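What follows is a short report on a single structure.
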Amino acid sequence: MTERRHEREFVRTFFTSPTAIEGEEDSAKMIRRAAQLRGMQAPDVWVPDNEDATAPSMRDEGVENIIDVVAEHGADFPGEIHPRMVWHRDSPATRYQGFQHMLEIASSDTGAIEHIDGFVIPEVGDIDDWKKADEFFTIVENECGLEEGSLAMSVIIESGESELAMGKLRDEMGKATNNLERLFLFVDGEVDYTKDMRAMTPTGELPAWPELRHNTSRGASANGCIAIDGPYDDIRDVEGYHERMTENQAKGMLGIWSLTPGQVVEANQSPLPPKTGSWLLDVDGEQVELASEDGVEVYDGDRLSLEQTDDGYELRVGGDTRHLDEDELHEELLGLTSYVPSMDDIVDSMEEFEAAKEAGRGAIAMEQSATLRLGETEVSISKDRMWDEATYQAAMTPISLFQDVYENRPDQHDELDERYGAGVVERAMEVGL
Amino acid sequence: MTERRHEREFVRTFFTSPTAIEGEEDSAKMIRRAAQLRGMQAPDVWVPDNEDATAPSMRDEGVENIIDVVAEHGADFPGEIHPRMVWHRDSPATRYQGFQHMLEIASSDTGAIEHIDGFVIPEVGDIDDWKKADEFFTIVENECGLEEGSLAMSVIIESGESELAMGKLRDEMGKATNNLERLFLFVDGEVDYTKDMRAMTPTGELPAWPELRHNTSRGASANGCIAIDGPYDDIRDVEGYHERMTENQAKGMLGIWSLTPGQVVEANQSPLPPKTGSWLLDVDGEQVELASEDGVEVYDGDRLSLEQTDDGYELRVGGDTRHLDEDELHEELLGLTSYVPSMDDIVDSMEEFEAAKEAGRGAIAMEQSATLRLGETEVSISKDRMWDEATYQAAMTPISLFQDVYENRPDQHDELDERYGAGVVERAMEVGL
Amino acid sequence: MTERRHEREFVRTFFTSPTAIEGEEDSAKMIRRAAQLRGMQAPDVWVPDNEDATAPSMRDEGVENIIDVVAEHGADFPGEIHPRMVWHRDSPATRYQGFQHMLEIASSDTGAIEHIDGFVIPEVGDIDDWKKADEFFTIVENECGLEEGSLAMSVIIESGESELAMGKLRDEMGKATNNLERLFLFVDGEVDYTKDMRAMTPTGELPAWPELRHNTSRGASANGCIAIDGPYDDIRDVEGYHERMTENQAKGMLGIWSLTPGQVVEANQSPLPPKTGSWLLDVDGEQVELASEDGVEVYDGDRLSLEQTDDGYELRVGGDTRHLDEDELHEELLGLTSYVPSMDDIVDSMEEFEAAKEAGRGAIAMEQSATLRLGETEVSISKDRMWDEATYQAAMTPISLFQDVYENRPDQHDELDERYGAGVVERAMEVGL
């Protein structure tokens with residue numbers, strides 16, 4: 001059976017920092033600072049990046065910096081630590097260098113390796129290339145007295161070859177001649193993937209690569225691993241970063257790369273249920289969040305309006321106007337609205353379903369009602385949603401993620417308690433167990 | 001070569017009914033009722049569901065109910081009967097239970113098995129898991145004196161593993177140690193797939209999973225099987241159900257799950273060509289069906305208007321206004337309109353092409369013309385479409401589906417004759433043979 | 001390592017011509033004319049089409065015509081020549097006929113084969129079917145004194161089976177019993193693919209098949225081949241053809257089928273960077289190209305307007321109006337605008353980055369500024385884009401394509417020099433080497 005073989009079952013954030021910067025008094029400045037992040041600013045997986053973020057001439061020094069900084073701060077770092085090594089499917093020299101760096105870090109007598117959970121291998125090719133990397137891990141473990149398979153291996157998917165490899169992994173994992181069970185994260189690297197695929201766009205913007213992200217998420221699911229999306233370059237575009245994460249979550253890709261502590265905060269929060277629920281209104285194809293004012297959900301844009309007439313209602317959306325009686329309006333509004341449940345709502349529903357199940361009922365209706373104000377007109381709606389075992393199981397995903405976070409990240413307890421309230425947190429930690 | 005090995009080459013509807021309900025006088029009530037459906041309310045494949053639709057504690061009784069109801073009503077049921085058994089890739093106990101249930105049904109001396117065409121196996125994993133199920137089918141067949149391979153096996157794709165398995169099936173089917181040629185339907189199960197992929201959406205709505213549906217359709221195509229989409233939960237949303245089916249059909253997924261006899265009616269009709277043709281107008285990116293009034297195709301919405309001016313026409317779409325002369329307008333309208341042919345139209349075109357081919361011509365132009373009324377203004381358009389062998393072959397898909405339905409579902413003859421008229425039906429049954 | 005094994009690393013155009021037309025004085029008329037195309041009208045790959053474009057009864061004569069016309073004009077044809085043979089995964093008779101035709105062409109004493117770069121094999125099935133074709137190539141080469149592997153093989157992907165085969169190719173290429181390294185182009189054939197998948201749409205229009213195109217592009221990338229999209233039937237719809245090519249390019253599918261010399265011109269130009277840069281404005285979700293007037297980028301549509309007010313600006317998009325101060329406006333416009341760089345711009349940026357790299361800097365900011373006129377109001381914006389090694393590598397794709405074209409197509413030098421100016425061409429040929 002497919003099982004998860006690592007301590008973390010969910011990883012929200014993959015934060016890279018350059019290991020050595022030229023011309024600075026302390027070339028380890030960036031990783032020294034990153035190692036001291038705490039709380040929402042600290043990622044689930046921190047990646048001292050000895051590959052692309054660090055100049056080729058600085059990478060030997062980068063290895064020394066990793067050893068130094070991790071030995072000093074690793075014990076206290078709240079997330080996992082997975083340095084990225086150099087590697088390339090087309091270059092034996094690069095692969096050998098990556099091996100030497102891993103060996104150097106693991107055999108250092110500073111004890112740094114005790115705080116390192118694994119290594120990240122970029123630019124992997126087909127499955128035989130993954131095996132080459134895995135073999136180097138095994139040799140490193142053997143040389144350094146570590147248990148075979150104890151170092152996690154994460155890979156960056158940045159070529160068509162490696163995208164295909166994820167589809168073949170189940171045939172290879174478990175063979176006596178490898179330790180591929182050490183695989184942990186599958187991380188998309190869209191910039192190099194775009195180059196490998198020779199794709200181009202008029203403005204130079206990256207393609208969205210929906211199929212790659214699907215395939216990475218599926219590969220992770222089929223092999224007990226975790227899918228992570230690549231970097232979002234436009235650091236100022238917080239809204240765009242959130243939209244990308246929402247898209248990813250609908251694909252089962254719950255983690256994302258972060259380039260700054262600010263992005264780490266956003267990405268640590270994004271997959272967690274909201275503190276308060278909210279209503280969405282479909283306005284001419286766009287989902288608009290309604291403002292909640294004194295218990296009324298308000299839309300005050302220009303694209304949709306509702307007016308009461310002598311014999312019913314006039315609903316205008318964009319250029320189209322429709323005349324509806326009360327029942328038709330209610331039906332129409334049920335179709336146009338949806339509710340985003342809060343953590344509290346989710347826990348409530350799960351508890352209610354658990355109680356019903358205990359009482360021998362397999363399905364129950366959960367009611368959601370609201371008063372809407374569209375322009376000047378107020379109307380009330382109420383919608384039922386059937387919950388059965390499958391609904392319950394699907395609702396479990398954000399709760400399991402929350403539980404994994406809460407268990408593994410005590411440094412975020414204050415922020416999480418403040419976000420949700422201690423009562424909700426306590427109930428969320430109990431539900432579904 | 002890839003061949004279709006089952007009687008039905010097309011399946012429009014996959015209708016599940018709970019096999020045993022607790023607390024009812026007749027726990028078989030639901031399947032007893034379903035077994036007596038006829039005509040458009042009866043599905044192509046009926047699935048007495050001894051898995052998720054039935055409480056775990058009721059499943060042994062469900063097996064008895066299947067035997068009982070199918071023995072009594074199976075001979076007269078107009079569709080095929082494929083009960084769903086329990087199975088799970090991660091649970092040997094569940095798999096053994098599924099085997100025992102199949103054996104019990106097949107060995108019952110009521111003769112129920114004579115009316116059962118196969119079994120549906122949910123929650124399959126990778127290809128080796130499919131082989132375990134196949135082996136149980138073979139043992140059941142051998143124990144019960146059935147021909148090896150005579151029971152069809154359908155699978156529910158509800159994990160990344162099984163999605164990947166469809167890509168490997170051609171390497172396995174035909175080996176002497178299995179009977180995987182028995183495979184019949186590949187059915188997507190999006191609720192459990194969402195759970196397996198750990199995907200989540202803000203409102204709890206299911207992701208659309210376009211890639212899964214593509215891969216299922218492709219897997220079916222490459223292995224002579226039939227692709228079926230999963231359940232559409234919002235039973236009241238008939239329009240949404242039809243939109244989903246139209247999307248699926250463009251992927252080659254021509255069947256869908258139905259949860260109620262009402263959904264069965266919709267899904268039995270959806271892939272059949274319409275009785276009357278209609279014109280579509282692209283209004284600012286949205287396809288609007290024009291109303292046909294006395295031979296004129298009318299658009300009377302607000303988002304597009306056309307007015308004649310001194311020197312030509314003024315066409316307004318959304319906020320943009322363009323001045324066009326007569327030729328430019330005609331060209332523009334050709335681009336904005338498209339025609340949805342009726343069954344009669346399709347048969348006409350195919351007959352015309354067949355005659356042309358017989359006369360030694362490889363390609364002919366088919367003309368479609370219409371008078372449009374946009375706001376106050378009427379204009380006539382006429383468009384040619386080249387038909388060659390490939391166009392002809394592609395147009396054959398809905399006709400082949402119709403022929404398959406008409407041959408296998410005499411109980412729907414009245415409704416089909418009434419829909420299309422006996423003359424059109426007769427010609428549709430002759431074309432392309 | 002994955003390498004490109006053919007002279008052309010990029011192919012923009014795949015132009016098919018019928019090899020023999022019934023009832024014409026010269027049945028070779030079409031290929032005789034096509035063989036004399038030059039410059040932008042001549043494709044990168046020319047395909048005398050002895051399959052679907054030619055009536056079955058004319059295909060033996062088509063082979064003679066290929067021999068005749070290629071012997072006479074082949075030496076002077078500026079692109080490569082890859083005739084399409086008959087083939088079908090399900091028909092041994094068709095496969096044998098394809099082999100006989102190849103043998104006949106290759107063994108002709110006219111020397112035609114010297115000008116033929118390979119053959120195109122349609123309707124391939126799974127990987128074992130590809131091997132059957134490859135084996136016939138090897139026999140033909142051996143019989144005709146050609147070097148083993150010297151004839152390129154291109155395949156048309158028009159079935160689910162062959163789509164899956166692309167995912168398995170890396171496991172097969174390089175084995176001693178085949179010469180699959182001869183593979184060159186993977187060409188999607190959407191019409192027959194639609195038939196094979198049994199897909200249908202209301203209007204009979206082809207589905208867009210985004211997943212197929214992704215998988216073809218990925219298969220090409222993983223195996224050192226080149227991805228080509230299938231025919232675009234609506235020959236008059238030049239805008240639609242360009243939109244399709246832009247979509248394809250974002251998938252790494254840089255070539256496309258052409259049915260006429262007019263389409264060849266469009267498709268030869270589409271992947272080349274534009275002569276002049278331009279600004280795009282996102283107007284309510286649609287990208288609108290701004291008109292450049294005296295150095296000002298002008299939007300004069302109705303859907304967006306900007307007006308200066310006493311205390312800032314009023315920006316109206318569709319029905320929504322927002323009040324912004326100067327900084328907010330600037331920020332908003334940065335989000336709504338993007339720049340499509342010209343060839344000159346790309347070369348400039350690459351040279352600047354190369355210089356910076358030589359000076360030891362790994363990343364530099366490139367500034368793009370413009371004055372916009374939205375309605376009556378003018379505002380200036382300026383945006384920085386960070387360039388690092390990855391940006392540089394990604395920008396290299398259109399330049400590498402240009403270099404490949406310029407080296408291999410001297411007949412297009414005049415048109416390219418005229419398009420870009422000789423100075424820009426010269427610099428583009430130097431950059432990145």
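Letters A, B, ... go to the chains of the structure tokens in the order shown; residues in each chain start at 1; ligands are counted from 1 in the same order.
Excluding C:Glu163 and any residue on its chain fewer than 6 positions from it, the residues at most 8 Å away by only C-alpha atoms are Ile157, Leu212, Asn215 and Thr216 of chain C.
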Expected file: the selected residues, N, CA, C and O atoms, as a PDB file, in the first residue's frame:
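The resulting out.pdb:
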```pdb
ATOM      1  N   ILE C 157       0.626  11.801 -34.638  1.00  0.00           N
ATOM      2  CA  ILE C 157      -0.027  11.327 -33.412  1.00  0.00           C
ATOM      3  C   ILE C 157      -1.522  11.565 -33.594  1.00  0.00           C
ATOM      4  O   ILE C 157      -2.002  12.697 -33.517  1.00  0.00           O
ATOM      5  N   LEU C 212      -3.410  16.823 -25.234  1.00  0.00           N
ATOM      6  CA  LEU C 212      -2.671  16.153 -26.314  1.00  0.00           C
ATOM      7  C   LEU C 212      -1.477  16.995 -26.739  1.00  0.00           C
ATOM      8  O   LEU C 212      -0.360  16.491 -26.880  1.00  0.00           O
ATOM      9  N   ASN C 215       1.227  16.890 -24.196  1.00  0.00           N
ATOM     10  CA  ASN C 215       1.928  15.606 -24.157  1.00  0.00           C
ATOM     11  C   ASN C 215       2.832  15.419 -25.380  1.00  0.00           C
ATOM     12  O   ASN C 215       3.895  14.798 -25.281  1.00  0.00           O
ATOM     13  N   THR C 216       2.405  15.952 -26.503  1.00  0.00           N
ATOM     14  CA  THR C 216       3.236  15.860 -27.709  1.00  0.00           C
ATOM     15  C   THR C 216       4.483  16.717 -27.541  1.00  0.00           C
ATOM     16  O   THR C 216       5.601  16.285 -27.855  1.00  0.00           O
TER      17      THR C 216
END
```
**OP:** Select all residues from chain A having any atom no more than 7 Å from an atom of chain C (counting only C-alpha atoms, ignoring ligands), output as a ChimeraX atom specification.
**Re:** /A:90,160-161,164,191-192,194-203,207,211,301-303
**OP:** Give me every alpha helix (DSSP H) residue in stretch 38-239 of chain B, going by DSSP on the backbone, as a VMD selection string.
**Re:** chain B and resid 59 to 73 92 to 107 127 to 143 160 to 165 190 to 197 210 to 222 238 to 239
Subject >> Distance query C:Asp126 at most 7 Å, only C-alpha atoms, self and fewer than 4 positions along chain excluded, as number ranges by chain >> reply: C: 130, 161-162, 165
Could you take the residues named above and write them with N, CA, C and O atoms, as a short mmCIF file (atom, residue, chain, number, x, y, z; two decimals), in the first residue's frame?
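That gives us part_19.cif:
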```cif
data_model
loop_
_atom_site.label_atom_id
_atom_site.label_comp_id
_atom_site.auth_asym_id
_atom_site.auth_seq_id
_atom_site.Cartn_x
_atom_site.Cartn_y
_atom_site.Cartn_z
N TRP C 130 5.57 1.59 -33.82
CA TRP C 130 6.62 2.50 -34.27
C TRP C 130 7.86 1.69 -34.70
O TRP C 130 8.55 2.05 -35.64
N GLU C 161 -3.40 5.63 -28.41
CA GLU C 161 -2.24 4.72 -28.31
C GLU C 161 -0.92 5.42 -28.57
O GLU C 161 0.07 5.22 -27.86
N SER C 162 -0.89 6.23 -29.64
CA SER C 162 0.38 6.88 -29.98
C SER C 162 0.69 8.01 -29.01
O SER C 162 1.85 8.30 -28.74
N ALA C 165 2.38 6.30 -26.40
CA ALA C 165 3.68 5.79 -26.83
C ALA C 165 4.80 6.80 -26.59
O ALA C 165 5.92 6.44 -26.23
#
```
**OP:** Extract, using only C-alpha atoms, all DNA, RNA and protein residues at most 7 Å from stretch 258-266 of chain A, discarding same-chain residues fewer than 5 positions from it, and format them as a ChimeraX atom specification.
**Re:** /A:13-16,40-43,231
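The interatomic distance for the pair atom CA of C:Glu415 and atom CA of C:Asp348 works out to 21.6 Å.
All residues within stretch 48-235 of chain B that the backbone DSSP calculation assigns to strand (DSSP E) are Pro48, Asp49, Glu80, Ile81, Gly118, Phe119, Val120, Ile121, Ala152, Met153, Ser154, Val155, Ile156, Ile157, Leu183, Phe184, Leu185, Phe186, Val187, Asp188, Ile226, Ala227, Ile228 and Asp229 of chain B.
Of the residues listed (A:Asp52, A:Glu354, A:Glu367, A:Glu123), A:Glu123 shows the shortest atom-to-atom separation from A:Arg89; distances use only C-alpha atoms.
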Give me the residues near C:Gly74 as a compact mmCIF listing (two decimals) with all heavy atoms, in the first residue's frame, where near means some atom within 8 Å (using only C-alpha atoms) and where sequence neighbours in that chain fewer than 6 positions away do not count.
```
# COMPACT_ATOMS: atom_id res chain seq x y z
N ALA C 35 7.17 22.39 -55.09
CA ALA C 35 8.63 22.20 -55.09
C ALA C 35 9.37 23.46 -55.51
O ALA C 35 10.58 23.58 -55.29
CB ALA C 35 9.01 21.05 -56.02
N ILE C 81 12.67 17.74 -47.28
CA ILE C 81 11.60 17.03 -47.97
C ILE C 81 11.34 15.71 -47.25
O ILE C 81 12.24 14.88 -47.11
CB ILE C 81 11.97 16.78 -49.45
CG1 ILE C 81 12.32 18.12 -50.14
CG2 ILE C 81 10.82 16.09 -50.18
CD1 ILE C 81 12.75 17.99 -51.59
N ALA C 112 16.41 10.63 -56.68
CA ALA C 112 15.47 11.40 -55.85
C ALA C 112 15.79 11.27 -54.36
O ALA C 112 15.71 12.25 -53.60
CB ALA C 112 14.04 10.94 -56.11
N HIS C 115 17.70 13.76 -52.19
CA HIS C 115 17.12 15.02 -51.74
C HIS C 115 16.01 14.82 -50.70
O HIS C 115 15.39 15.77 -50.29
CB HIS C 115 16.56 15.80 -52.94
CG HIS C 115 17.51 15.87 -54.07
ND1 HIS C 115 18.79 16.38 -53.93
CD2 HIS C 115 17.42 15.43 -55.36
CE1 HIS C 115 19.42 16.28 -55.08
NE2 HIS C 115 18.62 15.71 -55.97
N ILE C 116 15.78 13.57 -50.37
CA ILE C 116 14.73 13.27 -49.40
C ILE C 116 15.36 13.07 -48.02
O ILE C 116 16.29 12.27 -47.86
CB ILE C 116 13.91 12.03 -49.84
CG1 ILE C 116 13.01 12.45 -51.01
CG2 ILE C 116 13.10 11.44 -48.70
CD1 ILE C 116 12.19 11.34 -51.62
```
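Summary of the local environment: counting only C-alpha atoms, residues at most 8 Å from B:His101, other than itself and those fewer than 2 positions away along its chain, are Asp60, Val63, Met85, Gln97, Gly98, Phe99, Leu103, Glu104 and Ile105 of chain B.
Going from atom CA of B:Phe77 to atom CA of B:Leu185 covers 19.4 Å.
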Would you list the contacts of C:Asn50 as a short mmCIF file (atom, residue, chain, number, x, y, z; two decimals) with N, CA, C and O atoms, in the first residue's frame, taking every protein, DNA or RNA residue within 12 Å and counting only C-alpha atoms, but skipping same-chain residues closer than 4 positions in sequence?
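Listed below is the output, out.cif:
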```cif
data_model
loop_
_atom_site.label_atom_id
_atom_site.label_comp_id
_atom_site.auth_asym_id
_atom_site.auth_seq_id
_atom_site.Cartn_x
_atom_site.Cartn_y
_atom_site.Cartn_z
N THR C 16 1.85 20.22 -46.52
CA THR C 16 1.51 19.01 -47.30
C THR C 16 0.94 19.38 -48.67
O THR C 16 0.19 20.34 -48.79
N SER C 17 1.28 18.57 -49.66
CA SER C 17 0.72 18.74 -51.01
C SER C 17 0.33 17.36 -51.54
O SER C 17 1.09 16.40 -51.39
N PRO C 18 -0.83 17.27 -52.21
CA PRO C 18 -1.25 15.99 -52.79
C PRO C 18 -0.27 15.55 -53.88
O PRO C 18 0.15 16.37 -54.71
N THR C 19 0.07 14.28 -53.90
CA THR C 19 1.10 13.81 -54.84
C THR C 19 0.54 13.50 -56.23
O THR C 19 1.29 13.51 -57.20
N ALA C 20 -0.77 13.20 -56.31
CA ALA C 20 -1.33 12.89 -57.62
C ALA C 20 -2.81 13.25 -57.61
O ALA C 20 -3.56 12.80 -56.74
N ILE C 21 -3.21 14.05 -58.59
CA ILE C 21 -4.60 14.49 -58.67
C ILE C 21 -5.23 13.90 -59.93
O ILE C 21 -4.65 13.97 -61.02
N ALA C 28 0.85 15.51 -61.27
CA ALA C 28 1.83 15.97 -60.27
C ALA C 28 1.81 17.48 -60.09
O ALA C 28 2.67 18.04 -59.39
N ILE C 31 2.44 19.06 -56.50
CA ILE C 31 3.79 18.96 -55.89
C ILE C 31 4.84 19.64 -56.78
O ILE C 31 5.84 20.14 -56.29
N THR C 54 -4.25 12.52 -50.97
CA THR C 54 -4.25 11.88 -52.29
C THR C 54 -5.25 10.72 -52.29
O THR C 54 -5.26 9.92 -51.34
N ALA C 55 -6.06 10.63 -53.33
CA ALA C 55 -7.06 9.57 -53.39
C ALA C 55 -6.37 8.20 -53.40
O ALA C 55 -5.32 8.04 -54.00
N PRO C 56 -6.95 7.22 -52.70
CA PRO C 56 -6.32 5.89 -52.64
C PRO C 56 -5.95 5.34 -54.02
O PRO C 56 -4.86 4.75 -54.18
N SER C 57 -6.80 5.56 -54.99
CA SER C 57 -6.53 5.01 -56.34
C SER C 57 -5.34 5.68 -57.02
O SER C 57 -4.82 5.19 -58.02
N MET C 58 -4.92 6.82 -56.52
CA MET C 58 -3.85 7.58 -57.17
C MET C 58 -2.50 7.42 -56.46
O MET C 58 -1.53 8.08 -56.85
N ARG C 59 -2.43 6.58 -55.44
CA ARG C 59 -1.22 6.61 -54.61
C ARG C 59 -0.01 5.95 -55.25
O ARG C 59 1.12 6.33 -54.97
N ASP C 60 -0.25 4.96 -56.13
CA ASP C 60 0.92 4.40 -56.83
C ASP C 60 1.49 5.43 -57.79
O ASP C 60 2.71 5.62 -57.87
N GLU C 61 0.59 6.12 -58.48
CA GLU C 61 1.04 7.20 -59.36
C GLU C 61 1.70 8.31 -58.55
O GLU C 61 2.67 8.93 -59.00
N GLY C 62 1.19 8.53 -57.33
CA GLY C 62 1.77 9.54 -56.45
C GLY C 62 3.23 9.25 -56.15
O GLY C 62 4.07 10.15 -56.11
N VAL C 63 3.54 7.99 -55.97
CA VAL C 63 4.93 7.60 -55.71
C VAL C 63 5.82 7.94 -56.90
O VAL C 63 6.91 8.50 -56.75
N GLU C 64 5.32 7.64 -58.09
CA GLU C 64 6.08 7.99 -59.30
C GLU C 64 6.28 9.49 -59.41
O GLU C 64 7.34 9.98 -59.79
N ASN C 65 5.23 10.23 -59.08
CA ASN C 65 5.33 11.69 -59.14
C ASN C 65 6.35 12.22 -58.15
O ASN C 65 7.08 13.17 -58.44
N ILE C 66 6.35 11.65 -56.94
CA ILE C 66 7.34 12.08 -55.94
C ILE C 66 8.74 11.89 -56.52
O ILE C 66 9.59 12.80 -56.48
N ILE C 67 8.99 10.69 -57.06
CA ILE C 67 10.31 10.39 -57.63
C ILE C 67 10.68 11.40 -58.71
O ILE C 67 11.77 12.00 -58.70
N HIS C 82 10.11 15.55 -46.77
CA HIS C 82 9.71 14.35 -46.03
C HIS C 82 8.36 13.86 -46.55
O HIS C 82 7.32 14.23 -46.00
N PRO C 83 8.32 13.03 -47.59
CA PRO C 83 7.02 12.56 -48.09
C PRO C 83 6.28 11.74 -47.03
O PRO C 83 6.89 11.04 -46.23
N ARG C 84 4.94 11.88 -47.07
CA ARG C 84 4.12 11.07 -46.17
C ARG C 84 3.66 9.81 -46.91
O ARG C 84 3.10 9.88 -47.99
N MET C 85 3.91 8.68 -46.30
CA MET C 85 3.54 7.37 -46.84
C MET C 85 2.23 6.91 -46.20
O MET C 85 1.77 7.49 -45.25
N VAL C 86 1.65 5.84 -46.74
CA VAL C 86 0.48 5.27 -46.06
C VAL C 86 0.95 4.33 -44.94
O VAL C 86 2.01 3.73 -45.01
N TRP C 87 0.13 4.23 -43.91
CA TRP C 87 0.43 3.38 -42.74
C TRP C 87 -0.83 3.30 -41.90
O TRP C 87 -1.61 4.25 -41.85
N GLN C 97 2.10 -1.73 -47.87
CA GLN C 97 2.08 -0.80 -49.00
C GLN C 97 3.00 0.40 -48.73
O GLN C 97 3.74 0.84 -49.61
N GLY C 98 2.96 0.89 -47.50
CA GLY C 98 3.84 1.99 -47.14
C GLY C 98 5.31 1.61 -47.31
O GLY C 98 6.12 2.40 -47.83
N HIS C 101 6.20 1.50 -51.02
CA HIS C 101 6.36 2.84 -51.59
C HIS C 101 7.69 3.46 -51.19
O HIS C 101 8.38 4.08 -52.01
N MET C 102 8.07 3.29 -49.93
CA MET C 102 9.37 3.84 -49.50
C MET C 102 10.51 3.19 -50.27
O MET C 102 11.45 3.86 -50.72
N ILE C 105 10.69 4.52 -53.83
CA ILE C 105 11.27 5.86 -53.90
C ILE C 105 12.77 5.80 -53.66
O ILE C 105 13.56 6.41 -54.40
N PHE C 119 10.82 10.23 -44.07
CA PHE C 119 9.43 9.97 -44.42
C PHE C 119 8.54 10.22 -43.20
O PHE C 119 8.99 10.09 -42.05
N VAL C 120 7.29 10.56 -43.48
CA VAL C 120 6.30 10.78 -42.43
C VAL C 120 5.37 9.57 -42.37
O VAL C 120 4.84 9.15 -43.41
N ILE C 121 5.20 9.01 -41.18
CA ILE C 121 4.37 7.82 -41.00
C ILE C 121 3.12 8.20 -40.20
O ILE C 121 3.23 8.55 -39.03
N PRO C 122 1.95 8.14 -40.82
CA PRO C 122 0.72 8.51 -40.12
C PRO C 122 0.16 7.33 -39.32
O PRO C 122 0.64 6.20 -39.45
#
```
Subject >> Between atom CA of C:Glu9 and atom CA of C:Ala355 - distance in Å to one decimal >> reply: 27.1 Å
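Remark: for A:Arg182, the closest of the candidate residues A:Ala267, A:His6, A:Val298, A:Val47 is A:His6 (distances computed over only C-alpha atoms).
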